[in-house]
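What follows is a short report on a single structure.
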Amino acid sequence: MTVKIAVLPGDGIGPEIVREAVKVIDALNEVFGLGAECEEALIGGAGFDGAGDPYPEQTRRLAKAADAVLLGAVGGPKWESLDKPLRPEAGLLRIREDLSLFANYRPAKVHRQLLDASTLKPEVIEGVDILVVRELVGGIYFGRPRGWEKDGRERRAFNTMVYGESEVRRIARKAFEAARLRQGRVCSVEKANVLEVSELWRQIVTEVHEREFSDVALEHMYVDNAAMQLIRHPRQFDVIVTGNLFGDILSDEASMLTGSIGMLPSASIGEHHAMYEPIHGSAPDIAGQNRANPLATILSVAMMLRYSLERPDLADKVEQAVERVLDDGLRTADLAFDGGHAVSCTAMGDAVAQRLRMLGE
Ligand code: NAD
């Protein structure tokens, strides 16, 4: 059986890091018979340059027909003066909306070889392996009414934090399902001591847990406490599920535990589609220099194998190959803290693909 992967390199370092991730997919095909077919299309600034649209129709068709989408990054100074709907970021927002990607998965895993990259003490972060599952298309970022008004001489602005039962139910299910593939623990984060919308959140998460996922451990935590616990004792968390606003903040906080932006993958998942991408941007400052770290994109392939292609065995292999390469001491420039020798983006991708082949022997 073949699986179809839509590959959207995008801008800046996007094409460089995606090329290395495709090498890894090629190795999975050769050694483990994955049967993946990759087809490339334009997005972001490249979409505007090539087709006059940051999310061209051809890309849209490919993404909708694919089993999963792999994206590099979009954006860069070249396109900053364009009208908003033509800017690269508009392409990203449109593909997320078009594919109804309501759940954002952001793992924060501390690699023991890179303990020094964090600003926290090694004994606090050693062994940290957290997955933040953030609701992506609802909550205060989209709630209505929203806007500005004038009350006498004073200007006011307002937003609405709103969730419906079905929105909470579907994200809760995604978090519990993800926990079953990990350590089987979910921490639901909200502010139910103050907000009605959080009271509803807590009720629905509890209900979904009792009815469908009683094998998974569930705890509830207020967001202020969660922000504190992430720094104080991050190892206590497995899966954190939360709404759009709290998730935006907590997923960035969790990712910084690891200290290395070039190592962090992500997934955006809907009922029928899913897109995988590194959390970082297009890094125009190093684009075209073969210096980017491709590991976040390669680890995004591992997430794709786990969450879309139902190959957790191969996801483990890719993660193991990355661990081995780090054990071998290979570091791209962003990770070569002690002034040690830095390898190129290409060399890092080659090394992971080679390690993967060795794991298959
Ligand atoms: P950035 O993540 O691109 O870069 C921040 C810093 O991290 C830079 O110094 C960069 O060199 C470094 N960096 C990032 N990824 C790296 C990697 N894989 N290896 C080594 N170093 C890496 O953020 P920015 O500079 O704020 O944004 C640059 C462009 O990217 C902007 O146009 C922005 O809109 C866009 N952006 C896109 C996405 C996305 O496509 N999802 C996300 C964030 C920013």
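Order determines the names: the first chain of the structure tokens is A, the second B, and so forth; residues in each chain are numbered 1 upward, and ligands are numbered 1 upward as they are shown.
The neighbours of region 330-333 of chain A here are the residues that come within 7 Å of it, using only C-alpha atoms and leaving out any residue fewer than 6 positions away in the same chain; they are Arg291, Ala292, Asn293, Ala342, Val343, Ser344 and Cys345 of chain A.
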Can you pull out every residue within 12 Å of Asn104 (chain A), counting only C-alpha atoms, but drop anything in the same chain fewer than 4 positions away, and send it as a PyMOL selection string?
chain A and resi 96+100+131-138+171+174-175+178+240-244+247-248+251+265-270+274-277+279+303+307
Need the shell around Thr206 (chain A): protein/DNA/RNA residues with any atom at most 12 Å away, counting only C-alpha atoms. Skip same-chain ones fewer than 4 positions apart. Format as number ranges by chain?
A: 165, 168-169, 172-173, 176, 186-188, 199-202, 210-214, 216-220
Only C-alpha atoms, please: the residues just picked out, written as a compact mmCIF listing (two decimals), in the first residue's frame.
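So part14.txt came out as:
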# COMPACT_ATOMS: atom_id res chain seq x y z
CA GLU A 165 -19.04 21.18 23.93
CA VAL A 168 -13.79 20.51 23.74
CA ARG A 169 -14.82 16.91 23.16
CA ALA A 172 -9.96 15.98 24.55
CA ARG A 173 -10.24 12.81 22.47
CA PHE A 176 -6.35 10.94 25.33
CA VAL A 186 -3.24 13.67 30.57
CA CYS A 187 -3.20 16.96 32.45
CA SER A 188 -6.04 19.27 31.38
CA GLU A 199 -15.85 25.12 33.90
CA LEU A 200 -17.41 23.73 30.73
CA TRP A 201 -13.96 22.61 29.53
CA ARG A 202 -13.38 20.69 32.76
CA GLU A 210 -15.07 8.59 32.11
CA ARG A 211 -16.94 7.37 29.03
CA GLU A 212 -14.13 6.55 26.62
CA PHE A 213 -10.67 6.74 28.15
CA SER A 214 -10.79 5.52 31.75
CA VAL A 216 -5.71 6.95 30.81
CA ALA A 217 -4.87 8.92 33.98
CA LEU A 218 -6.43 12.39 34.07
CA GLU A 219 -5.69 15.38 36.29
CA HIS A 220 -6.87 18.99 36.08
Neighbours of Ser198 (chain A) within 10 Å (only C-alpha atoms; same-chain residues fewer than 2 positions away dropped), as a PDB file with C-alpha atoms, in the first residue's frame?
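Result file is around.pdb:
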ATOM      1  CA  MET A 161     -13.463  33.398  25.107  1.00  0.00           C
ATOM      2  CA  VAL A 162     -15.927  30.780  24.001  1.00  0.00           C
ATOM      3  CA  TYR A 163     -15.920  27.010  23.522  1.00  0.00           C
ATOM      4  CA  VAL A 189      -5.212  22.926  31.926  1.00  0.00           C
ATOM      5  CA  GLU A 190      -7.749  25.754  32.334  1.00  0.00           C
ATOM      6  CA  LYS A 191      -8.883  28.407  34.789  1.00  0.00           C
ATOM      7  CA  ALA A 192     -12.105  26.868  36.096  1.00  0.00           C
ATOM      8  CA  ASN A 193     -11.898  28.790  39.388  1.00  0.00           C
ATOM      9  CA  VAL A 194     -12.588  32.019  37.464  1.00  0.00           C
ATOM     10  CA  LEU A 195     -13.943  31.344  33.961  1.00  0.00           C
ATOM     11  CA  GLU A 196     -17.244  29.694  32.991  1.00  0.00           C
ATOM     12  CA  LEU A 200     -17.410  23.730  30.730  1.00  0.00           C
ATOM     13  CA  TRP A 201     -13.957  22.608  29.526  1.00  0.00           C
ATOM     14  CA  ARG A 202     -13.375  20.695  32.765  1.00  0.00           C
ATOM     15  CA  GLN A 203     -16.814  19.058  32.694  1.00  0.00           C
ATOM     16  CA  ILE A 204     -16.477  17.863  29.110  1.00  0.00           C
ATOM     17  CA  TYR A 222      -5.192  25.742  36.751  1.00  0.00           C
ATOM     18  CA  THR A 242      -5.495  23.053  26.801  1.00  0.00           C
ATOM     19  CA  GLY A 243      -7.308  25.778  24.872  1.00  0.00           C
TER      20      GLY A 243
END
In Å and to one decimal, CA of Ala21 (chain A) is distant from CA of Leu359 (chain A) by 17.1 Å
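Where the distance criterion is 7 Å and the atoms used are only C-alpha atoms and all ligand atoms, the residues close to ligand 1 are Gly72, Ala73, Val74, Gly75, Gly76, Pro77, Glu89, Ile261, Gly262, Ile279, His280, Gly281, Ser282, Ala283, Pro284, Asp285, Ile286, Arg291, Ala292, Asn293, Pro294, Ala296, Ala333 and Asp334 of chain A.
Atom to atom, CA of Ala68 (chain A) and CA of Ile5 (chain A) stand 5.2 Å apart.
Separating CA of Leu299 (chain A) from CA of Gly44 (chain A) is a distance of 21.9 Å.
Candidate residues A:Asp151, A:Asp313, A:Asp129, A:Asp11 were compared for distance to Leu42 (chain A), and the nearest is A:Asp11, using only C-alpha atoms.
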Can you tell me, as a PyMOL selection string, what residues are no more than 9 Å from Thr2 (chain A) when counting only C-alpha atoms, ignoring any on the same chain fewer than 2 positions away?
chain A and resi 4+34-37
Nearest residue to Gly329 (chain A) out of A:Met348, A:Leu93, A:Glu20, A:Pro85, using only C-alpha atoms?
A:Met348
Choose the residue, out of A:Leu356, A:Val197, A:Val124, A:Ala347, that has the smallest atom-to-atom separation from Val24 (chain A); count only C-alpha atoms.
A:Leu356
Counting only C-alpha atoms, which of A:Asn225, A:Leu230, A:Gly164, A:Asp67 gets nearest to Leu305 (chain A)?
A:Asp67
DSSP-assigned alpha helix (DSSP H) members of region 160-357 of chain A, reported as number ranges by chain
A: 165-180, 196-212, 223-232, 244-258, 295-307, 312-327, 345-357
Name the residues in contact with Thr258 (chain A) at a cut-off of 7 Å, using only C-alpha atoms, excluding same-chain residues fewer than 6 positions from it; report them as a short mmCIF file (atom, residue, chain, number, x, y, z; two decimals) with all heavy atoms, in the first residue's frame.
data_model
loop_
_atom_site.label_atom_id
_atom_site.label_comp_id
_atom_site.auth_asym_id
_atom_site.auth_seq_id
_atom_site.Cartn_x
_atom_site.Cartn_y
_atom_site.Cartn_z
N ALA A 108 7.85 18.63 23.66
CA ALA A 108 9.07 19.25 24.17
C ALA A 108 9.85 18.14 24.84
O ALA A 108 9.53 17.71 25.95
CB ALA A 108 8.74 20.35 25.17
N LYS A 109 10.82 17.63 24.11
CA LYS A 109 11.60 16.52 24.63
C LYS A 109 13.04 16.99 24.82
O LYS A 109 13.61 17.60 23.91
CB LYS A 109 11.56 15.36 23.63
CG LYS A 109 12.32 14.17 24.10
CD LYS A 109 12.11 12.99 23.19
CE LYS A 109 13.11 11.92 23.60
NZ LYS A 109 12.84 10.63 23.16
N VAL A 110 13.57 16.72 25.98
CA VAL A 110 14.94 17.12 26.25
C VAL A 110 15.85 15.94 25.89
O VAL A 110 15.71 14.84 26.43
CB VAL A 110 15.12 17.50 27.74
CG1 VAL A 110 16.58 17.76 28.04
CG2 VAL A 110 14.27 18.72 28.07
N ALA A 117 21.86 22.92 26.63
CA ALA A 117 21.20 23.95 25.80
C ALA A 117 20.12 24.69 26.57
O ALA A 117 19.71 25.78 26.18
CB ALA A 117 20.58 23.30 24.57
N SER A 118 19.65 24.10 27.67
CA SER A 118 18.56 24.73 28.40
C SER A 118 19.09 25.76 29.40
O SER A 118 20.21 25.65 29.88
CB SER A 118 17.78 23.66 29.16
OG SER A 118 16.77 24.26 29.93
#
As a PyMOL selection string, please: all residues of region 127-327 of chain A that backbone DSSP puts in strand (DSSP E or B).
chain A and resi 129-135+147-151+154-158+185-190+217-222+239-242+265-269+274-278
Contact residues around Glu149 (chain A) with only C-alpha atoms at 12 Å, ignoring same-chain residues under 6 positions, as a compact mmCIF listing (two decimals) with all heavy atoms, in the first residue's frame:
# COMPACT_ATOMS: atom_id res chain seq x y z
N ARG A 155 -11.66 54.72 24.91
CA ARG A 155 -11.72 53.62 23.95
C ARG A 155 -11.69 52.30 24.72
O ARG A 155 -11.00 52.19 25.73
CB ARG A 155 -10.52 53.65 23.01
CG ARG A 155 -10.64 54.71 21.95
CD ARG A 155 -9.43 54.71 21.06
NE ARG A 155 -8.21 54.86 21.86
CZ ARG A 155 -6.99 54.51 21.45
NH1 ARG A 155 -6.81 54.01 20.26
NH2 ARG A 155 -5.94 54.69 22.22
N ARG A 156 -12.46 51.33 24.24
CA ARG A 156 -12.43 50.00 24.85
C ARG A 156 -12.20 48.99 23.75
O ARG A 156 -12.53 49.22 22.59
CB ARG A 156 -13.77 49.69 25.54
CG ARG A 156 -14.08 50.65 26.65
CD ARG A 156 -15.28 50.26 27.47
NE ARG A 156 -16.24 49.42 26.81
CZ ARG A 156 -16.94 48.46 27.42
NH1 ARG A 156 -16.74 48.24 28.71
NH2 ARG A 156 -17.83 47.76 26.77
N ALA A 157 -11.64 47.86 24.12
CA ALA A 157 -11.48 46.76 23.16
C ALA A 157 -11.87 45.48 23.88
O ALA A 157 -11.69 45.36 25.09
CB ALA A 157 -10.05 46.69 22.67
N PHE A 158 -12.42 44.52 23.15
CA PHE A 158 -12.91 43.31 23.81
C PHE A 158 -12.79 42.09 22.91
O PHE A 158 -12.81 42.19 21.68
CB PHE A 158 -14.38 43.50 24.24
CG PHE A 158 -15.25 43.96 23.11
CD1 PHE A 158 -15.94 43.04 22.33
CD2 PHE A 158 -15.34 45.31 22.80
CE1 PHE A 158 -16.72 43.47 21.27
CE2 PHE A 158 -16.11 45.73 21.72
CZ PHE A 158 -16.80 44.82 20.96
N ASN A 159 -12.66 40.95 23.56
CA ASN A 159 -12.65 39.66 22.87
C ASN A 159 -13.52 38.70 23.65
O ASN A 159 -13.83 38.96 24.81
CB ASN A 159 -11.22 39.13 22.76
CG ASN A 159 -10.37 39.98 21.87
OD1 ASN A 159 -9.76 40.95 22.30
ND2 ASN A 159 -10.34 39.66 20.60
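Closest approach to Gly127 (chain A) among A:Asp238, A:Glu177, A:Asp83, A:Glu207 is made by A:Asp238 (distances from only C-alpha atoms).
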